[in-house]
>>> print(open('model-v3.cif').read())   # mmCIF, C-alpha atoms
data_run
loop_
_atom_site.label_atom_id
_atom_site.label_comp_id
_atom_site.auth_asym_id
_atom_site.auth_seq_id
_atom_site.Cartn_x
_atom_site.Cartn_y
_atom_site.Cartn_z
CA MET E 142 0.00 0.00 0.00
CA ALA E 143 2.98 2.31 -0.48
CA VAL E 144 1.98 5.84 -1.46
CA SER E 145 2.00 6.35 -5.23
CA PRO E 146 3.40 9.27 -7.24
CA ALA E 147 -0.17 9.98 -8.38
CA GLU E 148 -1.32 10.36 -4.76
CA ILE E 149 1.56 12.75 -4.05
CA ALA E 150 0.80 14.78 -7.19
CA ALA E 151 -2.84 15.11 -6.11
CA ARG E 152 -1.69 16.48 -2.74
CA HIS E 153 0.43 19.07 -4.51
CA GLU E 154 -2.54 20.22 -6.59
CA ARG E 155 -4.71 20.59 -3.49
CA LEU E 156 -1.91 22.53 -1.81
CA ARG E 157 -1.62 24.85 -4.81
CA ARG E 158 -5.31 25.70 -4.56
CA GLY E 159 -4.71 26.73 -0.97
CA MET E 160 -1.64 28.72 -1.99
CA GLU E 161 -3.65 30.63 -4.58
CA ALA E 162 -6.23 31.59 -1.99
CA ALA E 163 -3.48 32.74 0.41
CA GLN E 164 -1.54 34.52 -2.36
CA LEU E 165 1.58 32.42 -1.81
CA ASP E 166 4.18 31.66 -4.47
CA ALA E 167 5.45 28.50 -2.78
CA VAL E 168 5.38 26.41 0.38
CA LEU E 169 8.61 25.11 1.92
CA VAL E 170 8.46 22.34 4.55
CA GLY E 171 11.01 20.44 6.61
CA GLU E 172 9.10 19.16 9.65
CA LYS E 173 9.02 15.38 9.48
CA TYR E 174 5.33 14.72 8.90
CA ASN E 175 4.82 17.58 6.47
CA TYR E 176 7.90 16.48 4.54
CA TRP E 177 6.63 12.89 4.42
CA TYR E 178 3.19 14.04 3.34
CA LEU E 179 4.34 16.22 0.45
CA SER E 180 7.31 14.14 -0.75
CA GLY E 181 6.10 10.61 0.01
CA HIS E 182 9.68 9.99 1.11
CA GLN E 183 9.87 8.40 4.55
CA THR E 184 13.39 8.21 5.90
CA ARG E 185 15.12 8.10 9.27
CA GLU E 186 17.60 10.65 7.94
CA ILE E 187 15.12 13.38 8.79
CA GLU E 188 15.65 12.56 12.49
CA LYS E 189 19.28 13.69 12.16
CA VAL E 190 19.01 17.39 12.88
CA MET E 191 22.37 18.13 11.27
CA ARG E 192 20.94 16.99 7.92
CA PRO E 193 17.77 18.98 7.10
CA MET E 194 15.46 17.44 4.50
CA LEU E 195 13.43 20.15 2.77
CA PHE E 196 10.67 20.03 0.17
CA LEU E 197 9.39 22.98 -1.84
CA VAL E 198 6.12 23.10 -3.76
CA PRO E 199 5.92 26.20 -5.97
CA LEU E 200 2.66 27.62 -7.24
CA GLU E 201 4.04 27.14 -10.75
CA GLY E 202 6.76 24.78 -11.88
CA ASP E 203 8.20 21.53 -10.58
CA PRO E 204 8.64 20.64 -6.91
CA VAL E 205 12.12 20.88 -5.40
CA ALA E 206 13.87 18.73 -2.80
CA VAL E 207 16.97 19.87 -0.91
CA VAL E 208 18.18 16.69 0.74
CA TYR E 209 21.14 14.69 1.94
CA ARG E 210 22.66 13.49 -1.35
CA GLN E 211 22.21 9.76 -0.69
CA GLN E 212 18.44 10.24 -0.41
CA GLY E 213 17.95 11.95 -3.75
CA ALA E 214 17.04 8.85 -5.76
CA SER E 215 14.41 7.83 -3.19
CA VAL E 216 12.74 11.25 -3.45
CA GLN E 217 12.83 11.09 -7.24
CA ALA E 218 11.05 7.72 -7.18
CA LYS E 219 8.09 9.27 -5.34
CA VAL E 220 8.09 12.62 -7.16
CA PRO E 221 9.53 11.99 -10.64
CA ALA E 222 9.17 15.65 -11.65
CA ALA E 223 11.11 16.96 -8.63
CA ARG E 224 14.36 18.84 -9.08
CA ILE E 225 16.84 17.41 -6.58
CA TYR E 226 19.51 19.49 -4.85
CA GLY E 227 21.74 17.13 -2.91
CA TYR E 228 24.34 18.15 -0.34
CA GLU E 229 27.21 16.08 1.01
CA ASP E 230 27.18 15.31 4.73
CA VAL E 231 27.51 18.08 7.33
CA PRO E 232 27.21 20.95 8.01
CA PHE E 233 24.08 21.71 6.00
CA ASP E 234 24.74 23.88 2.95
CA VAL E 235 22.19 26.68 3.29
CA GLY E 236 23.60 28.16 0.09
CA LEU E 237 22.12 25.20 -1.79
CA LEU E 238 18.66 26.14 -0.53
CA GLU E 239 19.25 29.73 -1.61
CA GLN E 240 20.22 28.45 -5.08
CA ALA E 241 17.08 26.28 -5.28
CA LEU E 242 14.84 29.22 -4.38
CA ARG E 243 16.54 31.53 -6.88
CA GLU E 244 16.32 28.96 -9.66
CA SER E 245 12.63 28.54 -8.84
CA GLY E 246 12.14 32.28 -9.33
CA LEU E 247 11.31 32.89 -5.68
CA GLU E 248 13.95 35.41 -4.67
CA ARG E 249 11.15 38.02 -4.52
CA GLY E 250 8.31 35.65 -3.74
CA ARG E 251 5.98 35.01 -0.81
CA VAL E 252 7.00 31.65 0.62
CA GLY E 253 4.95 29.83 3.23
CA MET E 254 6.86 28.04 5.99
CA GLU E 255 6.03 26.16 9.19
CA LEU E 256 5.91 29.14 11.53
CA GLY E 257 2.69 28.74 13.51
CA GLU E 258 0.95 26.69 16.16
CA ASN E 259 1.61 22.92 16.08
CA HIS E 260 4.37 23.31 13.48
CA ARG E 261 8.16 23.16 13.61
CA LEU E 262 10.79 24.52 11.26
CA GLY E 263 12.88 21.82 9.62
CA MET E 264 16.07 23.87 9.75
CA PRO E 265 18.00 25.74 12.44
CA TYR E 266 16.97 29.34 13.03
CA THR E 267 20.51 30.47 12.22
CA ASP E 268 20.20 28.91 8.74
CA LEU E 269 16.84 30.61 8.21
CA ARG E 270 18.38 33.93 9.21
CA SER E 271 21.26 33.39 6.78
CA LEU E 272 18.79 32.53 4.03
CA LEU E 273 16.78 35.71 4.61
CA GLU E 274 19.96 37.81 4.60
CA ALA E 275 20.88 36.27 1.24
CA LEU E 276 17.36 36.80 -0.16
CA PRO E 277 16.23 40.09 1.40
CA ALA E 278 13.37 40.58 -1.09
CA MET E 279 11.79 37.21 -0.27
CA THR E 280 8.93 37.25 2.24
CA ILE E 281 8.13 34.32 4.49
CA VAL E 282 4.68 33.81 6.01
CA ASP E 283 3.00 31.10 8.05
CA ALA E 284 1.83 28.16 5.94
CA GLY E 285 0.45 26.31 8.97
CA PRO E 286 -3.25 26.91 8.28
CA ILE E 287 -2.90 25.72 4.67
CA LEU E 288 -1.00 22.59 5.70
CA ASP E 289 -3.47 21.85 8.49
CA GLU E 290 -6.43 22.10 6.12
CA LEU E 291 -4.64 19.94 3.55
CA ARG E 292 -3.80 17.14 5.96
CA LEU E 293 -7.13 17.29 7.83
CA HIS E 294 -9.04 15.75 4.91
CA LYS E 295 -7.85 12.21 4.26
CA SER E 296 -7.82 10.65 0.81
CA GLU E 297 -9.19 7.20 0.01
CA TYR E 298 -5.62 5.91 0.10
CA GLU E 299 -5.03 7.35 3.57
CA ILE E 300 -8.27 5.97 4.96
CA ALA E 301 -7.56 2.50 3.52
CA THR E 302 -4.04 2.55 4.96
CA LEU E 303 -5.27 3.61 8.40
CA ARG E 304 -7.89 0.87 8.29
CA ALA E 305 -5.25 -1.75 7.45
CA ALA E 306 -3.00 -0.44 10.24
CA ALA E 307 -5.90 -0.69 12.70
CA ASP E 308 -6.64 -4.26 11.60
CA MET E 309 -2.98 -5.16 12.15
CA SER E 310 -3.06 -3.57 15.60
CA LEU E 311 -6.11 -5.53 16.74
CA LEU E 312 -4.66 -8.76 15.40
CA ALA E 313 -1.54 -8.13 17.49
CA TRP E 314 -3.74 -7.51 20.58
CA SER E 315 -5.65 -10.72 19.96
CA GLU E 316 -2.47 -12.78 19.68
CA ALA E 317 -0.74 -11.17 22.66
CA THR E 318 -3.74 -11.67 24.95
CA LYS E 319 -4.07 -15.33 23.87
CA GLN E 320 -0.46 -15.95 24.86
CA PHE E 321 -0.68 -14.29 28.29
CA ARG E 322 0.01 -16.62 31.21
CA LEU E 323 -0.61 -16.20 34.93
CA GLY E 324 2.38 -14.76 36.74
CA ALA E 325 3.58 -12.70 33.79
CA SER E 326 3.99 -8.97 34.36
CA GLU E 327 2.93 -5.77 32.63
CA ALA E 328 6.44 -5.51 31.18
CA ASP E 329 6.11 -9.05 29.79
CA PHE E 330 2.81 -8.15 28.14
CA ALA E 331 4.27 -4.99 26.59
CA THR E 332 7.10 -7.07 25.13
CA SER E 333 4.61 -9.56 23.75
CA MET E 334 2.66 -6.73 22.12
CA ALA E 335 5.84 -5.39 20.52
CA VAL E 336 6.66 -8.82 19.12
CA GLU E 337 3.16 -9.29 17.73
CA LEU E 338 3.05 -5.83 16.16
CA SER E 339 6.29 -6.66 14.38
CA ARG E 340 4.94 -10.05 13.37
CA VAL E 341 1.87 -8.56 11.71
CA GLY E 342 4.02 -6.17 9.69
CA SER E 343 4.22 -2.89 11.61
CA ASN E 344 6.99 -0.68 10.18
CA PHE E 345 10.42 -0.62 11.78
CA ASP E 346 11.67 2.73 10.49
CA VAL E 347 8.39 4.47 11.34
CA ALA E 348 7.58 2.83 14.63
CA GLY E 349 4.10 2.36 16.07
CA HIS E 350 3.47 2.73 19.80
CA ILE E 351 2.64 0.69 22.91
CA THR E 352 1.65 2.09 26.31
CA THR E 353 0.52 -0.26 29.06
CA ALA E 354 -0.73 -0.13 32.65
CA THR E 355 -2.29 -2.58 35.10
CA SER E 356 -4.43 -2.32 38.19
CA LEU E 357 -1.29 -3.16 40.21
CA GLY E 358 0.64 -0.12 39.05
CA ASP E 359 3.92 -2.08 39.06
CA ARG E 360 5.40 -3.07 35.71
CA THR E 361 7.37 -5.97 37.13
CA ALA E 362 4.80 -7.49 39.53
CA PRO E 363 3.30 -10.88 38.61
CA LEU E 364 -0.33 -10.52 37.56
CA ARG E 365 -2.97 -12.68 39.24
CA PRO E 366 -6.67 -13.46 38.70
CA GLY E 367 -8.77 -10.31 38.96
CA ASP E 368 -6.00 -7.95 37.82
CA THR E 369 -6.64 -5.79 34.75
CA ILE E 370 -4.45 -4.77 31.85
CA TRP E 371 -4.87 -1.62 29.78
CA CYS E 372 -3.04 -0.99 26.52
CA ASP E 373 -2.97 2.00 24.15
CA PHE E 374 -1.25 0.85 20.96
CA GLY E 375 -1.00 1.10 17.22
CA ALA E 376 0.78 -0.45 14.27
CA SER E 377 2.45 1.73 11.66
CA LEU E 378 1.84 1.01 7.97
CA ASP E 379 3.64 3.06 5.34
CA GLY E 380 4.04 5.69 8.05
CA TYR E 381 0.34 5.86 8.93
CA GLN E 382 -0.31 5.38 12.62
CA ALA E 383 -3.15 3.36 14.07
CA ASP E 384 -4.23 4.34 17.59
CA VAL E 385 -6.57 2.15 19.66
CA ALA E 386 -6.92 1.19 23.32
CA ARG E 387 -8.30 -1.93 24.97
CA ARG E 388 -8.81 -3.38 28.46
CA ALA E 389 -8.51 -6.97 29.65
CA VAL E 390 -9.11 -8.82 32.90
CA LEU E 391 -7.36 -11.97 34.09
CA GLY E 392 -9.94 -14.66 34.71
CA GLU E 393 -13.67 -14.30 35.28
CA PRO E 394 -14.63 -10.61 35.57
CA THR E 395 -16.33 -9.45 38.74
CA ALA E 396 -19.47 -7.35 38.87
CA GLU E 397 -17.26 -4.33 39.46
CA HIS E 398 -15.15 -5.09 36.37
CA LEU E 399 -18.29 -5.33 34.27
CA ALA E 400 -19.79 -2.14 35.72
CA VAL E 401 -16.60 -0.18 35.00
CA GLN E 402 -16.50 -1.48 31.44
CA GLU E 403 -20.18 -0.69 30.89
CA CYS E 404 -19.56 2.86 32.10
CA ILE E 405 -16.63 3.56 29.77
CA ALA E 406 -18.37 1.83 26.85
CA THR E 407 -21.44 4.03 27.39
CA LEU E 408 -19.28 7.15 27.45
CA HIS E 409 -17.69 6.08 24.18
CA ALA E 410 -21.02 5.29 22.49
CA ARG E 411 -22.60 8.58 23.55
CA THR E 412 -19.57 10.53 22.36
CA LEU E 413 -19.78 8.85 18.95
CA GLN E 414 -23.40 9.97 18.60
CA ALA E 415 -22.12 13.55 18.22
CA VAL E 416 -19.78 12.70 15.33
CA ARG E 417 -21.35 13.95 12.11
CA PRO E 418 -20.51 16.34 9.26
CA GLY E 419 -20.95 19.97 10.28
CA ALA E 420 -20.41 19.30 13.98
CA LEU E 421 -17.54 21.03 15.75
CA ALA E 422 -14.78 19.15 17.51
CA SER E 423 -15.98 20.89 20.67
CA ASP E 424 -19.50 19.49 20.14
CA VAL E 425 -18.08 15.96 20.36
CA ALA E 426 -16.16 16.85 23.52
CA ARG E 427 -19.29 18.40 25.01
CA ALA E 428 -21.30 15.24 24.34
CA CYS E 429 -18.67 13.24 26.21
CA SER E 430 -18.67 15.73 29.08
CA GLU E 431 -22.45 15.49 29.42
CA ALA E 432 -22.25 11.70 29.46
CA MET E 433 -19.58 11.86 32.15
CA VAL E 434 -21.77 14.06 34.36
CA ASP E 435 -24.69 11.65 33.87
CA ALA E 436 -22.39 8.84 35.04
CA GLY E 437 -21.49 10.75 38.19
CA LEU E 438 -18.05 11.76 36.93
CA PRO E 439 -16.48 15.25 36.77
CA PRO E 440 -17.15 17.14 33.52
CA LEU E 441 -14.43 18.05 31.06
CA SER E 442 -12.74 21.35 31.74
CA GLY E 443 -10.08 23.59 30.27
CA ARG E 444 -8.06 22.09 27.44
CA LYS E 445 -8.59 18.45 28.34
CA ARG E 446 -9.38 16.42 25.22
CA ILE E 447 -11.08 13.09 24.68
CA GLY E 448 -9.80 12.41 21.20
CA HIS E 449 -7.78 13.71 18.28
CA GLY E 450 -7.09 13.43 14.58
CA LEU E 451 -5.02 10.65 13.10
CA GLY E 452 -2.80 10.17 10.06
CA LEU E 453 0.96 10.11 9.57
CA ASN E 454 1.15 11.48 13.10
CA ALA E 455 -0.58 9.61 15.93
CA GLY E 456 -1.86 12.93 17.28
CA GLU E 457 -3.06 15.24 14.53
CA SER E 458 -5.67 17.99 14.35
CA PRO E 459 -8.40 18.32 15.47
CA SER E 460 -8.39 17.99 19.24
CA LEU E 461 -11.70 16.81 20.65
CA SER E 462 -11.73 19.41 23.41
CA LEU E 463 -14.11 22.15 24.49
CA GLN E 464 -11.64 24.67 23.01
CA ASP E 465 -11.39 23.33 19.44
CA THR E 466 -13.93 24.68 16.95
CA THR E 467 -12.66 22.72 13.92
CA VAL E 468 -15.60 21.73 11.71
CA LEU E 469 -15.85 17.99 11.11
CA GLU E 470 -16.23 17.28 7.41
CA PRO E 471 -16.28 14.08 5.34
CA GLY E 472 -12.80 12.58 5.20
CA VAL E 473 -11.74 13.76 8.66
CA VAL E 474 -10.37 10.86 10.72
CA ILE E 475 -10.61 11.03 14.52
CA CYS E 476 -9.86 8.84 17.51
CA VAL E 477 -12.55 8.89 20.18
CA GLU E 478 -11.14 8.08 23.62
CA PRO E 479 -13.05 9.01 26.77
CA ARG E 480 -11.24 8.34 30.03
CA TYR E 481 -11.55 8.68 33.78
CA LEU E 482 -9.84 7.49 36.96
CA LEU E 483 -11.14 5.06 39.56
CA PRO E 484 -10.75 6.03 43.23
CA SER E 485 -7.79 3.62 43.28
CA GLY E 486 -6.06 5.71 40.63
CA GLU E 487 -6.50 3.10 37.89
CA LYS E 488 -6.96 4.72 34.48
CA ILE E 489 -10.09 3.66 32.61
CA HIS E 490 -9.73 4.41 28.92
CA ILE E 491 -10.77 2.88 25.60
CA GLU E 492 -10.24 4.13 22.05
CA ASP E 493 -11.37 3.50 18.49
CA VAL E 494 -10.98 5.32 15.17
CA VAL E 495 -13.71 6.61 12.86
CA VAL E 496 -13.89 8.62 9.64
CA VAL E 497 -16.53 11.30 9.17
CA THR E 498 -18.84 10.56 6.22
CA GLU E 499 -21.58 12.44 4.37
CA ASP E 500 -24.24 11.13 6.76
CA GLY E 501 -22.36 10.46 10.02
CA PHE E 502 -19.29 8.34 10.52
CA GLU E 503 -17.83 4.97 9.59
CA PRO E 504 -15.67 2.86 11.91
CA ILE E 505 -12.04 2.33 11.00
CA SER E 506 -11.61 0.20 14.11
CA GLN E 507 -14.27 -1.08 16.46
CA GLY E 508 -14.80 -3.23 19.53
CA CYS E 509 -13.20 -1.09 22.23
CA GLY E 510 -16.30 -1.40 24.42
CA VAL E 511 -15.68 -5.14 24.90
CA LEU E 512 -13.67 -6.21 27.96
CA THR E 513 -11.21 -8.92 26.88
CA VAL E 514 -11.23 -11.87 29.28
CA LEU E 515 -7.93 -13.72 29.58
CA ASP E 516 -8.38 -17.44 30.16
CA VAL E 517 -6.02 -18.12 33.04
#
>>> encode(input="model-v3.cif", output="structure tokens")
Amino acid sequence: MAVSPAEIAARHERLRRGMEAAQLDAVLVGEKYNYWYLSGHQTREIEKVMRPMLFLVPLEGDPVAVVYRQQGASVQAKVPAARIYGYEDVPFDVGLLEQALRESGLERGRVGMELGENHRLGMPYTDLRSLLEALPAMTIVDAGPILDELRLHKSEYEIATLRAAADMSLLAWSEATKQFRLGASEADFATSMAVELSRVGSNFDVAGHITTATSLGDRTAPLRPGDTIWCDFGASLDGYQADVARRAVLGEPTAEHLAVQECIATLHARTLQAVRPGALASDVARACSEAMVDAGLPPLSGRKRIGHGLGLNAGESPSLSLQDTTVLEPGVVICVEPRYLLPSGEKIHIEDVVVVTEDGFEPISQGCGVLTVLDV
């Protein structure tokens, strides 16, 4: 399911429409996820801060990549039309970026960069300052809103890839819980989950995630009948991150186990009822808050969120909080994850992924309301 050059080209065309509206001549990105999104080139080299990897989409003309020389062919394979400017090792040659901008006719242009909220520049500030000194007639402005809008709406390819990643994740959960044996610890279970995620094909270079907890609160303590396991996890497929959460109990669940699960499952179901096109992210959060109050729990407050967007990053826009007024539209993918604490301090939390459709939503993963019972 690797991303195709045609998919990347379609992203560039959508970006150009946003650039026209914002009166930009180009957008230059270097933050990991924006670079991956616009170039299709996923590489660990971008983690090496001494080697910036930059991608430029002009309003007119071919895209440009300024990259560590050894990565040039990989970029070209994803974006055949791209002009590649490759530099050799370190330090980064900011003069090469200046050359690329001049040869793209942008020395007097308005260039959007990652300057705003939830964005990061892909180059050191000192290099940016040197670039602006070399190109004093070039203007840089914040491209964050354009990039956010672009990545908010997922393509059919992205939705299919997220669905496959979610399926892989739940298969890993199923296998890891089947293998669990009495006396094993939380740390043992986390290791088993890591093994199973690898076995089902989760990426190595773009890692997924595993977070665990138990009712014991001790990662090394042997687990016994009646103890619970919680896991927030996700496989990574072609860089796209699944994000789900499940709970399990060792042995026959008690009435209290079942009541807790019914409570969190009800919160999740009522929150989902608010997911529809035209709703605000805050409307979904408010529905969860009202359900929490009805269950005798404290309401949401401040910036606390009960879900988020999903894509190449496991925590994208929007945030399902009372503060976020992002409009949910068809193609927006969100994770819904209500949570609360028991008096003991145990975290109660489940999570599934949905995509907003023309008439509501469609599950990408499902089943988080079911308490897994481990046969011990």
>>> closest_atom_pairs(input="model-v3.cif", of="segment 287-340 of chain E", to="segment 236-256 of chain E", cutoff="12 Å", atoms="only C-alpha atoms", output="CSV")
residue,atom,partner,partner_atom,distance
E:Ile287,CA,E:Gly253,CA,9.0
E:Leu288,CA,E:Glu255,CA,8.6
E:Asp289,CA,E:Glu255,CA,10.5
>>> resolve_selection(input="model-v3.cif", expression="the PyMOL selection byres ((chain E and resi 403-405) around 12)", output="MDAnalysis selection string")
chainID E and resid 386:388 396:402 406:412 429 432:438 477:483 488:492 509:512
>>> closest_residue(input="model-v3.cif", among="E:Ala383, E:Ile370, E:Val190, E:Leu156", to="Glu457 of chain E", atoms="only C-alpha atoms")
E:Ala383
>>> closest_residue(input="model-v3.cif", among="E:Ala150, E:Met160, E:Val514, E:Ala328", to="Asp283 of chain E", atoms="all atoms listed in the file")
E:Met160
>>> resolve_selection(input="model-v3.cif", expression="the PyMOL selection byres ((chain E and resi 310) around 8)", output="PyMOL selection string")
chain E and resi 306-309+311-314+338+374-376+383+385
>>> atom_distance(input="model-v3.cif", atom1="atom CA of Ser333 of chain E", atom2="atom CA of Lys173 of chain E")
29.1 Å
>>> closest_residue(input="model-v3.cif", among="E:Thr280, E:Ser430, E:Gln320, E:Ser423", to="Leu461 of chain E", atoms="only C-alpha atoms")
E:Ser423
>>> atom_distance(input="model-v3.cif", atom1="atom CA of Leu364 of chain E", atom2="atom CA of Leu391 of chain E")
8.0 Å
>>> atom_distance(input="model-v3.cif", atom1="atom CA of Ala162 of chain E", atom2="atom CA of Gly456 of chain E")
27.2 Å
>>> residues_around(input="model-v3.cif", residues="Glu161 of chain E", least_positions_apart="2", cutoff="12 Å", atoms="all atoms listed in the file", output="ChimeraX atom specification")
/E:154-159,163-168,199-201,251-253,287
>>> closest_residue(input="model-v3.cif", among="E:Thr498, E:Pro363, E:Ala151, E:Ser462", to="Arg444 of chain E", atoms="only C-alpha atoms")
E:Ser462
>>> closest_residue(input="model-v3.cif", among="E:Tyr266, E:Val282, E:Leu169, E:Lys295", to="Arg152 of chain E", atoms="only C-alpha atoms")
E:Lys295
>>> resolve_selection(input="model-v3.cif", expression="the PyMOL selection byres ((chain E and resi 497) around 12)", output="PyMOL selection string")
chain E and resi 293-295+300+413-422+450+468-477+494-496+498-505
>>> closest_residue(input="model-v3.cif", among="E:Arg224, E:His350, E:Arg340, E:Arg292", to="Tyr178 of chain E", atoms="only C-alpha atoms")
E:Arg292
